[in-house]
>>> print(open('start-v4.cif').read())   # mmCIF, C-alpha atoms
data_start
loop_
_atom_site.label_atom_id
_atom_site.label_comp_id
_atom_site.auth_asym_id
_atom_site.auth_seq_id
_atom_site.Cartn_x
_atom_site.Cartn_y
_atom_site.Cartn_z
CA MET U 22 106.77 113.12 83.38
CA THR U 23 105.87 115.12 86.45
CA GLY U 24 108.37 117.84 87.17
CA VAL U 25 109.57 117.98 90.75
CA HIS U 26 108.01 121.43 91.02
CA ASP U 27 104.55 120.22 89.94
CA LEU U 28 103.24 119.83 93.45
CA GLY U 29 99.48 120.22 93.23
CA GLY U 30 97.81 117.26 94.92
CA SER U 31 101.04 115.75 96.27
CA PRO U 32 100.99 114.52 99.85
CA GLY U 33 101.98 117.23 102.26
CA GLY U 34 102.29 117.91 105.94
CA PRO U 35 101.16 120.73 108.23
CA ILE U 36 101.77 124.25 106.96
CA ASP U 37 104.73 125.90 108.68
CA MET U 38 103.50 129.42 109.36
CA SER U 39 106.75 130.88 110.61
CA GLN U 40 108.14 133.82 108.66
CA HIS U 41 111.87 134.30 108.37
CA GLU U 42 113.23 137.81 108.15
CA VAL U 43 114.19 138.49 104.57
CA GLU U 44 117.96 138.81 104.28
CA ASP U 45 119.81 141.31 102.13
CA TRP U 46 121.10 138.67 99.73
CA GLU U 47 117.50 137.51 99.18
CA ARG U 48 116.41 141.08 98.39
CA LEU U 49 119.31 141.17 96.00
CA ALA U 50 118.28 137.91 94.30
CA ASP U 51 114.85 139.44 93.77
CA ALA U 52 116.28 142.72 92.50
CA VAL U 53 118.85 141.23 90.11
CA ASN U 54 116.15 139.09 88.52
CA ALA U 55 113.75 141.98 88.21
CA ALA U 56 116.47 144.20 86.77
CA LEU U 57 117.53 141.57 84.23
CA GLY U 58 113.88 141.15 83.29
CA GLY U 59 113.38 144.87 82.97
CA LYS U 60 116.22 145.05 80.46
CA GLY U 61 114.87 142.16 78.41
CA LEU U 62 117.83 139.94 79.32
CA GLN U 63 115.69 137.29 80.98
CA THR U 64 112.00 136.47 81.14
CA THR U 65 109.82 135.11 83.95
CA ASP U 66 109.27 131.99 81.84
CA GLU U 67 113.01 131.40 81.49
CA LEU U 68 113.51 131.86 85.22
CA ARG U 69 110.74 129.39 86.00
CA ARG U 70 112.17 126.87 83.55
CA ALA U 71 115.62 127.24 85.05
CA ILE U 72 114.29 126.79 88.59
CA GLU U 73 112.34 123.70 87.54
CA SER U 74 115.49 122.18 86.03
CA LEU U 75 117.45 122.27 89.27
CA GLU U 76 118.37 118.76 90.38
CA ASN U 77 118.42 119.80 94.02
CA TYR U 78 115.11 121.73 93.77
CA LYS U 79 113.67 120.14 96.90
CA GLU U 80 116.78 120.67 99.00
CA LEU U 81 117.20 124.37 98.21
CA GLY U 82 115.43 127.26 99.84
CA TYR U 83 113.27 129.65 97.84
CA TYR U 84 115.86 132.32 97.05
CA GLU U 85 118.57 129.69 96.76
CA ARG U 86 116.58 128.32 93.83
CA TRP U 87 116.27 131.82 92.36
CA THR U 88 120.02 132.39 92.69
CA ALA U 89 120.93 129.02 91.17
CA ALA U 90 118.52 129.61 88.31
CA THR U 91 119.79 133.14 87.64
CA GLU U 92 123.32 131.79 87.49
CA LEU U 93 122.25 129.05 85.08
CA LEU U 94 120.59 131.55 82.75
CA LEU U 95 123.44 134.06 82.80
CA ILE U 96 125.88 131.29 81.88
CA GLU U 97 123.52 129.89 79.24
CA LYS U 98 123.25 133.33 77.67
CA GLY U 99 127.02 133.84 77.73
CA ILE U 100 126.76 136.89 79.97
CA LEU U 101 128.89 135.39 82.76
CA THR U 102 130.96 132.23 83.15
CA ARG U 103 130.81 129.64 85.92
CA GLU U 104 134.50 130.17 86.58
CA GLU U 105 134.25 133.87 87.23
CA ILE U 106 131.24 133.42 89.50
CA ASP U 107 133.07 130.66 91.40
CA GLU U 108 136.15 132.82 91.77
CA ARG U 109 134.28 135.92 92.88
CA SER U 110 132.13 133.96 95.36
CA ALA U 111 135.24 132.39 96.87
CA ASP U 112 136.81 135.87 97.19
CA LEU U 113 133.74 137.18 98.98
CA ARG U 114 133.52 134.25 101.33
CA ARG U 115 137.20 134.71 102.24
CA ARG U 116 136.57 138.40 102.93
CA TRP U 117 133.53 137.61 105.01
CA GLY U 118 135.49 135.01 106.94
CA VAL U 119 133.11 132.15 106.20
CA ALA U 120 134.05 128.68 104.97
CA MET M 21 115.92 149.80 105.47
CA SER M 22 118.16 147.64 103.38
CA ASP M 23 121.86 148.38 103.38
CA ALA M 24 122.38 146.07 100.47
CA HIS M 25 124.45 148.64 98.63
CA ASP M 26 126.88 149.82 101.24
CA HIS M 27 130.29 149.55 99.62
CA PRO M 28 132.29 147.39 99.43
CA HIS M 29 129.43 144.89 99.54
CA GLU M 30 130.35 143.49 102.90
CA GLU M 31 127.79 141.34 104.62
CA ALA M 32 127.97 142.51 108.20
CA GLY M 33 127.68 139.65 110.62
CA SER M 34 127.38 135.94 110.03
CA GLY M 35 123.57 136.21 110.21
CA ARG M 36 123.64 137.56 106.69
CA THR M 37 125.46 134.60 105.30
CA SER M 38 123.12 131.84 106.34
CA SER M 39 123.37 130.37 102.87
CA PRO M 40 126.27 129.69 100.51
CA TYR M 41 124.09 131.30 97.87
CA ALA M 42 124.49 134.70 99.52
CA ALA M 43 128.04 134.89 98.18
CA ARG M 44 126.95 133.66 94.76
CA ILE M 45 124.28 136.30 94.21
CA ARG M 46 126.61 138.97 95.54
CA ALA M 47 129.30 137.72 93.16
CA ILE M 48 126.81 137.76 90.29
CA GLU M 49 125.79 141.31 91.20
CA THR M 50 129.33 142.65 91.30
CA LEU M 51 130.25 140.95 88.03
CA LEU M 52 127.15 142.30 86.28
CA LEU M 53 127.97 145.79 87.53
CA GLU M 54 131.60 145.54 86.45
CA LYS M 55 130.55 144.42 83.00
CA SER M 56 127.93 147.19 82.82
CA VAL M 57 125.15 144.67 82.27
CA LEU M 58 123.27 146.34 85.13
CA THR M 59 123.80 149.57 87.04
CA GLU M 60 123.66 150.21 90.78
CA ALA M 61 120.66 152.45 90.21
CA GLU M 62 118.77 149.74 88.34
CA ILE M 63 119.32 147.29 91.17
CA GLN M 64 118.46 149.81 93.88
CA ASP M 65 115.27 150.76 92.03
CA ARG M 66 114.15 147.14 92.14
CA ILE M 67 114.95 146.83 95.83
CA SER M 68 113.00 150.02 96.53
CA TYR M 69 110.14 148.82 94.36
CA MET M 70 109.64 145.68 96.43
CA GLU M 71 110.20 147.42 99.77
CA ALA M 72 107.47 149.93 98.91
CA ARG M 73 104.88 147.22 98.43
CA SER M 74 103.05 145.39 101.18
CA PRO M 75 99.67 143.98 102.15
CA ALA M 76 98.72 147.48 103.30
CA ASN M 77 98.12 148.27 99.63
CA GLY M 78 95.63 145.45 99.37
CA ALA M 79 93.95 146.54 102.60
CA ARG M 80 93.43 150.05 101.21
CA LEU M 81 91.95 148.70 97.98
CA VAL M 82 89.55 146.49 99.92
CA ALA M 83 88.52 149.24 102.34
CA ARG M 84 87.76 151.60 99.46
CA ALA M 85 85.79 148.85 97.70
CA TRP M 86 83.76 148.31 100.85
CA VAL M 87 82.67 151.94 101.08
CA ASP M 88 82.40 152.77 97.37
CA PRO M 89 80.46 150.33 95.14
CA GLU M 90 81.63 152.03 91.94
CA PHE M 91 85.26 151.72 93.01
CA LYS M 92 84.59 148.09 93.80
CA ALA M 93 83.30 147.56 90.26
CA ARG M 94 86.46 149.15 88.88
CA LEU M 95 88.64 147.05 91.21
CA LEU M 96 87.04 143.92 89.83
CA SER M 97 87.14 144.92 86.16
CA ASP M 98 90.36 146.96 85.92
CA THR M 99 92.52 146.23 88.93
CA LYS M 100 95.58 148.13 87.70
CA GLY M 101 93.50 151.23 87.02
CA ALA M 102 91.78 151.04 90.39
CA ALA M 103 95.13 150.58 92.14
CA MET M 104 96.53 153.63 90.38
CA GLU M 105 93.60 155.71 91.69
CA LEU M 106 94.98 155.02 95.19
CA GLY M 107 98.54 155.74 94.13
CA ILE M 108 99.52 152.08 93.91
CA ASP M 109 101.60 151.50 90.80
CA ALA M 110 100.90 147.98 89.64
CA SER M 111 101.77 148.64 86.02
CA GLY M 112 103.70 146.04 84.06
CA PRO M 113 103.08 142.97 81.91
CA VAL M 114 101.37 140.97 84.65
CA GLU M 115 97.56 140.93 84.81
CA PHE M 116 95.53 140.97 88.00
CA VAL M 117 92.27 139.33 88.89
CA VAL M 118 90.40 140.22 92.05
CA VAL M 119 87.97 137.52 93.18
CA GLU M 120 85.15 138.50 95.47
CA ASN M 121 84.03 136.54 98.50
CA THR M 122 80.25 136.40 98.88
CA PRO M 123 77.90 134.83 101.43
CA LYS M 124 77.85 131.80 99.15
CA THR M 125 81.49 131.63 97.95
CA HIS M 126 84.89 131.80 99.62
CA ASN M 127 88.01 132.04 97.47
CA LEU M 128 91.49 130.63 98.10
CA ILE M 129 94.57 131.49 96.04
CA VAL M 130 97.57 129.27 95.37
CA CYS M 131 100.30 128.81 92.79
CA THR M 132 101.05 125.08 92.77
CA LEU M 133 103.80 125.35 90.15
CA CYS M 134 105.85 128.11 91.73
CA SER M 135 104.81 131.15 93.78
CA CYS M 136 102.85 133.51 91.55
CA TYR M 137 101.43 136.26 93.72
CA PRO M 138 100.30 139.86 93.11
CA ARG M 139 103.70 141.22 94.13
CA ALA M 140 103.25 144.52 92.34
CA ILE M 141 100.43 145.29 94.76
CA LEU M 142 101.14 143.24 97.89
CA GLY M 143 104.94 142.85 97.85
CA ARG M 144 106.52 139.52 98.74
CA PRO M 145 104.34 136.54 99.55
CA PRO M 146 104.62 134.95 103.00
CA ASP M 147 106.95 131.97 103.38
CA TRP M 148 104.03 129.60 103.92
CA TYR M 149 102.50 130.54 100.55
CA LYS M 150 105.72 129.44 98.85
CA SER M 151 106.01 126.25 100.89
CA PHE M 152 105.75 122.81 99.32
CA ASN M 153 103.02 121.80 101.77
CA TYR M 154 100.77 124.73 100.89
CA ARG M 155 101.34 124.32 97.17
CA SER M 156 100.58 120.60 97.43
CA ARG M 157 97.53 120.71 99.68
CA ALA M 158 95.65 123.94 98.91
CA VAL M 159 94.20 122.53 95.68
CA LYS M 160 93.24 119.14 97.09
CA GLU M 161 92.24 119.89 100.66
CA PRO M 162 91.52 123.62 100.90
CA ARG M 163 89.18 123.21 103.87
CA ALA M 164 91.80 121.36 105.91
CA VAL M 165 94.38 123.99 105.02
CA MET M 166 92.10 126.85 106.03
CA ARG M 167 91.34 125.04 109.28
CA GLU M 168 95.07 125.13 110.07
CA PHE M 169 94.88 128.90 109.71
CA GLY M 170 91.95 128.94 112.13
CA PHE M 171 89.29 129.60 109.53
CA GLU M 172 86.20 127.46 109.11
CA PRO M 173 83.73 128.67 106.49
CA PRO M 174 80.09 128.72 107.57
CA ASP M 175 77.79 125.89 106.45
CA GLY M 176 76.65 126.18 102.88
CA VAL M 177 79.62 128.28 101.74
CA GLU M 178 81.38 126.78 98.73
CA ILE M 179 85.15 126.95 98.53
CA VAL M 180 86.66 128.00 95.22
CA VAL M 181 90.39 127.52 94.72
CA HIS M 182 92.28 129.52 92.09
CA ASP M 183 95.56 128.01 90.89
CA SER M 184 97.64 130.80 89.30
CA THR M 185 98.95 128.69 86.46
CA ALA M 186 99.44 131.33 83.80
CA ASP M 187 99.59 135.08 83.27
CA MET M 188 97.13 136.17 85.96
CA ARG M 189 97.84 137.05 89.59
CA TYR M 190 95.02 136.79 92.08
CA MET M 191 93.87 138.70 95.13
CA VAL M 192 90.79 138.04 97.22
CA LEU M 193 88.27 140.80 97.97
CA PRO M 194 86.97 139.59 101.34
CA MET M 195 83.54 140.45 102.70
CA ARG M 196 83.15 143.37 105.06
CA PRO M 197 82.64 142.05 108.58
CA PRO M 198 79.34 142.86 110.31
CA GLY M 199 79.35 145.59 112.97
CA THR M 200 81.68 147.85 110.99
CA GLU M 201 79.06 150.17 109.55
CA ASP M 202 80.37 153.21 111.41
CA MET M 203 84.03 152.72 110.59
CA ASP M 204 85.95 154.97 108.26
CA GLU M 205 88.23 153.69 105.50
CA GLU M 206 91.34 153.73 107.63
CA GLU M 207 89.69 151.71 110.38
CA LEU M 208 88.33 149.28 107.81
CA ALA M 209 91.73 148.85 106.16
CA ALA M 210 93.20 147.91 109.54
CA LEU M 211 90.87 144.90 109.62
CA VAL M 212 92.11 143.51 106.29
CA THR M 213 94.89 141.04 106.96
CA ARG M 214 97.33 139.69 104.40
CA ASP M 215 95.92 136.21 104.91
CA SER M 216 92.41 137.45 104.09
CA LEU M 217 93.74 138.71 100.73
CA ILE M 218 94.96 135.19 99.95
CA GLY M 219 91.91 133.45 101.37
CA THR M 220 93.33 131.48 104.27
CA ASP M 221 91.40 133.74 106.63
CA VAL M 222 88.80 136.47 106.69
CA PRO M 223 88.81 139.94 108.27
CA ARG M 224 87.34 139.82 111.72
CA TYR M 225 85.75 142.45 113.89
CA LEU M 226 84.85 141.45 117.42
CA VAL M 227 82.36 143.89 118.87
CA GLY M 228 82.72 144.99 122.47
CA MET R 25 94.13 124.05 68.15
CA THR R 26 90.46 124.28 69.02
CA THR R 27 89.07 127.45 70.45
CA PHE R 28 86.21 127.53 72.91
CA GLU R 29 83.35 129.58 74.27
CA PRO R 30 82.25 130.07 77.87
CA GLY R 31 80.10 127.12 78.87
CA ASP R 32 81.89 124.62 76.63
CA ARG R 33 82.80 121.37 78.29
CA VAL R 34 86.46 120.55 77.89
CA ARG R 35 89.02 117.97 78.83
CA VAL R 36 92.62 118.79 79.62
CA ARG R 37 94.88 116.84 77.30
CA PRO R 38 96.63 114.01 79.15
CA SER R 39 99.90 114.87 77.43
CA ASP R 40 103.18 113.92 79.07
CA LYS R 41 105.07 116.68 77.27
CA THR R 42 108.26 117.53 79.10
CA GLY R 43 110.02 120.84 79.42
CA HIS R 44 108.41 123.93 80.86
CA VAL R 45 104.68 123.33 81.02
CA ARG R 46 102.13 125.46 82.87
CA THR R 47 99.39 122.83 82.91
CA PRO R 48 99.74 121.00 86.22
CA ASP R 49 99.70 117.20 86.27
CA TYR R 50 96.68 117.05 88.56
CA LEU R 51 94.53 118.60 85.79
CA LYS R 52 95.67 116.35 82.95
CA GLY R 53 92.88 114.15 81.62
CA LYS R 54 90.30 115.94 83.78
CA THR R 55 87.06 117.42 82.51
CA GLY R 56 85.68 120.82 83.31
CA TRP R 57 84.10 123.82 81.66
CA ILE R 58 85.20 127.09 80.08
CA GLU R 59 84.27 129.80 82.56
CA SER R 60 85.65 132.72 80.56
CA VAL R 61 88.29 133.81 78.08
CA ARG R 62 91.27 135.57 79.68
CA GLY R 63 92.69 136.88 76.43
CA GLU R 64 95.40 135.80 74.05
CA PHE R 65 98.93 135.13 75.19
CA ARG R 66 102.20 133.77 73.93
CA ASN R 67 103.11 130.17 74.74
CA PRO R 68 105.19 129.99 77.95
CA GLU R 69 106.54 126.59 76.89
CA ASP R 70 108.46 128.36 74.13
CA LEU R 71 109.14 131.64 75.95
CA ALA R 72 110.95 129.56 78.56
CA TYR R 73 113.63 128.75 75.99
CA GLY R 74 113.94 132.22 74.51
CA LEU R 75 111.63 131.50 71.57
CA SER R 76 108.95 133.93 70.48
CA GLY R 77 106.03 131.99 71.93
CA ARG R 78 103.92 133.00 68.93
CA PRO R 79 101.33 132.60 67.71
CA GLU R 80 99.42 133.99 70.67
CA ARG R 81 96.68 131.65 71.71
CA PRO R 82 93.62 131.97 73.92
CA LEU R 83 94.01 131.45 77.65
CA TYR R 84 90.89 130.20 79.37
CA LYS R 85 89.64 130.31 82.91
CA VAL R 86 88.63 126.66 83.25
CA GLY R 87 86.46 125.37 86.09
CA PHE R 88 86.59 121.91 87.60
CA ARG R 89 84.47 120.28 90.27
CA GLN R 90 86.75 119.20 93.10
CA ALA R 91 84.85 115.91 93.21
CA ASP R 92 86.01 115.32 89.61
CA LEU R 93 89.66 116.16 90.37
CA TRP R 94 90.17 114.05 93.47
CA GLY R 95 88.74 110.63 94.21
CA ASP R 96 88.89 111.31 97.93
CA TYR R 97 87.93 115.00 98.06
CA GLU R 98 86.71 115.91 101.52
CA GLY R 99 84.13 118.55 101.00
CA PRO R 100 80.80 119.42 99.44
CA ALA R 101 80.06 118.69 95.80
CA ASP R 102 79.77 122.45 95.18
CA ASP R 103 83.44 123.10 95.87
CA TYR R 104 85.35 123.83 92.71
CA LEU R 105 88.69 124.97 91.36
CA TYR R 106 89.72 127.31 88.58
CA ALA R 107 92.96 127.25 86.65
CA ASP R 108 94.13 129.27 83.67
CA VAL R 109 94.76 126.84 80.82
CA TYR R 110 96.04 127.58 77.31
CA ALA R 111 93.91 126.55 74.33
CA HIS R 112 96.41 124.02 73.04
CA TRP R 113 96.01 121.99 76.24
CA LEU R 114 92.24 121.60 75.85
CA GLU R 115 90.00 119.40 73.76
CA ARG R 116 86.25 119.38 73.44
CA TYR R 117 84.56 116.93 75.79
CA GLU R 118 81.64 115.10 74.29
CA GLY R 119 81.04 112.68 77.11
CA GLU R 120 77.99 112.26 79.24
CA THR R 121 76.99 115.05 81.54
CA VAL R 122 76.72 113.86 85.14
#
>>> encode(input="start-v4.cif", output="structure tokens")
Amino acid sequence: MTGVHDLGGSPGGPIDMSQHEVEDWERLADAVNAALGGKGLQTTDELRRAIESLENYKELGYYERWTAATELLLIEKGILTREEIDERSADLRRRWGVA
Amino acid sequence: MSDAHDHPHEEAGSGRTSSPYAARIRAIETLLLEKSVLTEAEIQDRISYMEARSPANGARLVARAWVDPEFKARLLSDTKGAAMELGIDASGPVEFVVVENTPKTHNLIVCTLCSCYPRAILGRPPDWYKSFNYRSRAVKEPRAVMREFGFEPPDGVEIVVHDSTADMRYMVLPMRPPGTEDMDEEELAALVTRDSLIGTDVPRYLVG
Amino acid sequence: MTTFEPGDRVRVRPSDKTGHVRTPDYLKGKTGWIESVRGEFRNPEDLAYGLSGRPERPLYKVGFRQADLWGDYEGPADDYLYADVYAHWLERYEGETV
């Protein structure tokens, strides 16, 4: 079965050549993954597999997929729990004054 | 310069929270730090690592290859070693392949399955490289894709697409434009665009 | 698994294996040639689930004519594509040479 990520040869539209400015949280998503990899806690293959498993793959942005996949792996490996990530995210969003 | 580690991890301004995932990765970071899974220094090192890398590295490698045939041979056969000669640290488990454009062959790089890219040399890939449309179309209609970038290969040039499906990361060694015989390395490097290292364009030099 | 030499004609297995697979769908069932041997690597399909990925197996640079990959390829017959394909995804192709 074709994975949703297996895009080669799929129909596609014009290439959007705009470049968004990388945000700090995106740099952080990159860095956390690289740091976890550097310590042998996660591999590139695991990250790819986790990204590919995301049900909302097509709706998420690039670093949103990385973040969702990192979360999935950390929970799978018993390093963090969904509840504590939920709670901490909600705390941060309250502090930042966003919904 | 990133202020990602100003305490207490406040995101200044709503522009930084364009995504609900911003809070999630920040939450993950703080939890990992609290549990001593990662340290601040380890995270900052990775941020610095990526910030230090850019297409300028690729441009320098290409410019040196253009003026020094023996360096070019080393760039093609031992990319990590050649990069290190220019102070570019591309060490790590990933392997690099440099593919050379010739008068007969033009190369185009894509990763259809994700976004594999020679990050250790060139830094982050452009958004378009990671886009679904590029990943879908580059393998099937490379000429139409390149046309969108404003590049039309001359008649008789064959297009070779490289899909980075496995452990290799690819960079194009473009051809040196005509009319640049008197340029020094720095001037040559300035001609080498990021897109020419991926293959959606070529370096151009318009005389006079 | 079969191992190959540069110049060998090969076909990508048309397997519908699920899970993490680094052989793209558009190559499955297609014929091409071994351009070169990249080296030996662990299997990403297993590494993706925290398994060892051993034994290491050859990874090949495999060439395909674009005209053989796409029925409606718009371009010269000389255009081609390379992908890096693991040995266990390839089988020898004994069919007629075009």
>>> resolve_selection(input="start-v4.cif", expression="the PyMOL selection byres ((chain R and resi 86) around 12)", output="PDB file with C-alpha atoms, in the coordinates of the input")
ATOM      1  CA  VAL M 181      90.390 127.520  94.720  1.00  0.00           C
ATOM      2  CA  HIS M 182      92.280 129.520  92.090  1.00  0.00           C
ATOM      3  CA  ASP M 183      95.560 128.010  90.890  1.00  0.00           C
ATOM      4  CA  SER M 184      97.640 130.800  89.300  1.00  0.00           C
ATOM      5  CA  THR M 185      98.950 128.690  86.460  1.00  0.00           C
ATOM      6  CA  ALA M 186      99.440 131.330  83.800  1.00  0.00           C
TER       7      ALA M 186
ATOM      8  CA  PHE R  28      86.210 127.530  72.910  1.00  0.00           C
ATOM      9  CA  GLU R  29      83.350 129.580  74.270  1.00  0.00           C
ATOM     10  CA  PRO R  30      82.250 130.070  77.870  1.00  0.00           C
ATOM     11  CA  GLY R  31      80.100 127.120  78.870  1.00  0.00           C
ATOM     12  CA  ASP R  32      81.890 124.620  76.630  1.00  0.00           C
ATOM     13  CA  ARG R  33      82.800 121.370  78.290  1.00  0.00           C
ATOM     14  CA  VAL R  34      86.460 120.550  77.890  1.00  0.00           C
ATOM     15  CA  ARG R  35      89.020 117.970  78.830  1.00  0.00           C
ATOM     16  CA  VAL R  36      92.620 118.790  79.620  1.00  0.00           C
ATOM     17  CA  THR R  47      99.390 122.830  82.910  1.00  0.00           C
ATOM     18  CA  LEU R  51      94.530 118.600  85.790  1.00  0.00           C
ATOM     19  CA  LYS R  54      90.300 115.940  83.780  1.00  0.00           C
ATOM     20  CA  THR R  55      87.060 117.420  82.510  1.00  0.00           C
ATOM     21  CA  GLY R  56      85.680 120.820  83.310  1.00  0.00           C
ATOM     22  CA  TRP R  57      84.100 123.820  81.660  1.00  0.00           C
ATOM     23  CA  ILE R  58      85.200 127.090  80.080  1.00  0.00           C
ATOM     24  CA  GLU R  59      84.270 129.800  82.560  1.00  0.00           C
ATOM     25  CA  SER R  60      85.650 132.720  80.560  1.00  0.00           C
ATOM     26  CA  VAL R  61      88.290 133.810  78.080  1.00  0.00           C
ATOM     27  CA  ARG R  62      91.270 135.570  79.680  1.00  0.00           C
ATOM     28  CA  PRO R  82      93.620 131.970  73.920  1.00  0.00           C
ATOM     29  CA  LEU R  83      94.010 131.450  77.650  1.00  0.00           C
ATOM     30  CA  TYR R  84      90.890 130.200  79.370  1.00  0.00           C
ATOM     31  CA  LYS R  85      89.640 130.310  82.910  1.00  0.00           C
ATOM     32  CA  GLY R  87      86.460 125.370  86.090  1.00  0.00           C
ATOM     33  CA  PHE R  88      86.590 121.910  87.600  1.00  0.00           C
ATOM     34  CA  ARG R  89      84.470 120.280  90.270  1.00  0.00           C
ATOM     35  CA  TYR R 104      85.350 123.830  92.710  1.00  0.00           C
ATOM     36  CA  LEU R 105      88.690 124.970  91.360  1.00  0.00           C
ATOM     37  CA  TYR R 106      89.720 127.310  88.580  1.00  0.00           C
ATOM     38  CA  ALA R 107      92.960 127.250  86.650  1.00  0.00           C
ATOM     39  CA  ASP R 108      94.130 129.270  83.670  1.00  0.00           C
ATOM     40  CA  VAL R 109      94.760 126.840  80.820  1.00  0.00           C
ATOM     41  CA  TYR R 110      96.040 127.580  77.310  1.00  0.00           C
ATOM     42  CA  ALA R 111      93.910 126.550  74.330  1.00  0.00           C
ATOM     43  CA  TRP R 113      96.010 121.990  76.240  1.00  0.00           C
ATOM     44  CA  LEU R 114      92.240 121.600  75.850  1.00  0.00           C
TER      45      LEU R 114
END
>>> closest_atom_pairs(input="start-v4.cif", of="chain R", to="chain U", cutoff="9 Å", atoms="all atoms listed in the file", output="tab-separated table")
residue	atom	partner	partner_atom	distance
R:Asp40	CA	U:Met22	CA	5.7
R:Lys41	CA	U:Met22	CA	7.3
R:Thr42	CA	U:Met22	CA	6.3
R:Gly43	CA	U:Arg70	CA	7.6
R:His44	CA	U:Arg70	CA	5.5
R:Val45	CA	U:Arg70	CA	8.7
R:Pro48	CA	U:Asp27	CA	6.1
R:Asp49	CA	U:Thr23	CA	6.5
R:Tyr50	CA	U:Gly29	CA	6.3
R:Pro68	CA	U:Asp66	CA	6.0
R:Glu69	CA	U:Asp66	CA	7.8
R:Asp70	CA	U:Asp66	CA	8.6
R:Leu71	CA	U:Asp66	CA	5.9
R:Ala72	CA	U:Glu67	CA	4.0
R:Tyr73	CA	U:Glu67	CA	6.1
R:Gly74	CA	U:Glu67	CA	7.1
R:Trp94	CA	U:Gly30	CA	8.4
>>> atom_distance(input="start-v4.cif", atom1="atom CA of M:Ser151", atom2="atom CA of R:Asp92")
25.4 Å
>>> interface_residues(input="start-v4.cif", of="chain M", to="chain R", cutoff="12 Å", atoms="all atoms listed in the file", output="JSON, numbers by chain")
{"M": [113, 114, 115, 116, 117, 119, 124, 125, 126, 127, 128, 129, 130, 131, 132, 133, 134, 136, 155, 156, 157, 158, 159, 160, 161, 162, 163, 164, 165, 173, 175, 176, 177, 178, 179, 180, 181, 182, 183, 184, 185, 186, 187, 188, 189, 190]}
>>> resolve_selection(input="start-v4.cif", expression="the PyMOL selection byres ((chain U) within 8 of (chain M))", output="PDB file with C-alpha atoms, keeping the file's coordinate frame")
ATOM      1  CA  HIS U  26     108.010 121.430  91.020  1.00  0.00           C
ATOM      2  CA  ASP U  27     104.550 120.220  89.940  1.00  0.00           C
ATOM      3  CA  LEU U  28     103.240 119.830  93.450  1.00  0.00           C
ATOM      4  CA  GLY U  29      99.480 120.220  93.230  1.00  0.00           C
ATOM      5  CA  GLY U  30      97.810 117.260  94.920  1.00  0.00           C
ATOM      6  CA  SER U  31     101.040 115.750  96.270  1.00  0.00           C
ATOM      7  CA  PRO U  32     100.990 114.520  99.850  1.00  0.00           C
ATOM      8  CA  GLY U  33     101.980 117.230 102.260  1.00  0.00           C
ATOM      9  CA  GLY U  34     102.290 117.910 105.940  1.00  0.00           C
ATOM     10  CA  PRO U  35     101.160 120.730 108.230  1.00  0.00           C
ATOM     11  CA  ILE U  36     101.770 124.250 106.960  1.00  0.00           C
ATOM     12  CA  ASP U  37     104.730 125.900 108.680  1.00  0.00           C
ATOM     13  CA  MET U  38     103.500 129.420 109.360  1.00  0.00           C
ATOM     14  CA  SER U  39     106.750 130.880 110.610  1.00  0.00           C
ATOM     15  CA  GLN U  40     108.140 133.820 108.660  1.00  0.00           C
ATOM     16  CA  HIS U  41     111.870 134.300 108.370  1.00  0.00           C
ATOM     17  CA  GLU U  44     117.960 138.810 104.280  1.00  0.00           C
ATOM     18  CA  ASP U  45     119.810 141.310 102.130  1.00  0.00           C
ATOM     19  CA  TRP U  46     121.100 138.670  99.730  1.00  0.00           C
ATOM     20  CA  GLU U  47     117.500 137.510  99.180  1.00  0.00           C
ATOM     21  CA  ARG U  48     116.410 141.080  98.390  1.00  0.00           C
ATOM     22  CA  LEU U  49     119.310 141.170  96.000  1.00  0.00           C
ATOM     23  CA  ALA U  50     118.280 137.910  94.300  1.00  0.00           C
ATOM     24  CA  ASP U  51     114.850 139.440  93.770  1.00  0.00           C
ATOM     25  CA  ALA U  52     116.280 142.720  92.500  1.00  0.00           C
ATOM     26  CA  VAL U  53     118.850 141.230  90.110  1.00  0.00           C
ATOM     27  CA  ALA U  55     113.750 141.980  88.210  1.00  0.00           C
ATOM     28  CA  ALA U  56     116.470 144.200  86.770  1.00  0.00           C
ATOM     29  CA  LEU U  57     117.530 141.570  84.230  1.00  0.00           C
ATOM     30  CA  ARG U  69     110.740 129.390  86.000  1.00  0.00           C
ATOM     31  CA  TYR U  83     113.270 129.650  97.840  1.00  0.00           C
ATOM     32  CA  GLU U  85     118.570 129.690  96.760  1.00  0.00           C
ATOM     33  CA  THR U  88     120.020 132.390  92.690  1.00  0.00           C
ATOM     34  CA  ALA U  89     120.930 129.020  91.170  1.00  0.00           C
ATOM     35  CA  GLU U  92     123.320 131.790  87.490  1.00  0.00           C
ATOM     36  CA  LEU U 101     128.890 135.390  82.760  1.00  0.00           C
ATOM     37  CA  ILE U 106     131.240 133.420  89.500  1.00  0.00           C
ATOM     38  CA  ASP U 107     133.070 130.660  91.400  1.00  0.00           C
ATOM     39  CA  ARG U 109     134.280 135.920  92.880  1.00  0.00           C
ATOM     40  CA  SER U 110     132.130 133.960  95.360  1.00  0.00           C
ATOM     41  CA  ALA U 111     135.240 132.390  96.870  1.00  0.00           C
ATOM     42  CA  LEU U 113     133.740 137.180  98.980  1.00  0.00           C
ATOM     43  CA  ARG U 114     133.520 134.250 101.330  1.00  0.00           C
ATOM     44  CA  TRP U 117     133.530 137.610 105.010  1.00  0.00           C
ATOM     45  CA  VAL U 119     133.110 132.150 106.200  1.00  0.00           C
TER      46      VAL U 119
END
>>> atom_distance(input="start-v4.cif", atom1="atom CA of R:Arg37", atom2="atom CA of R:Glu118")
13.7 Å
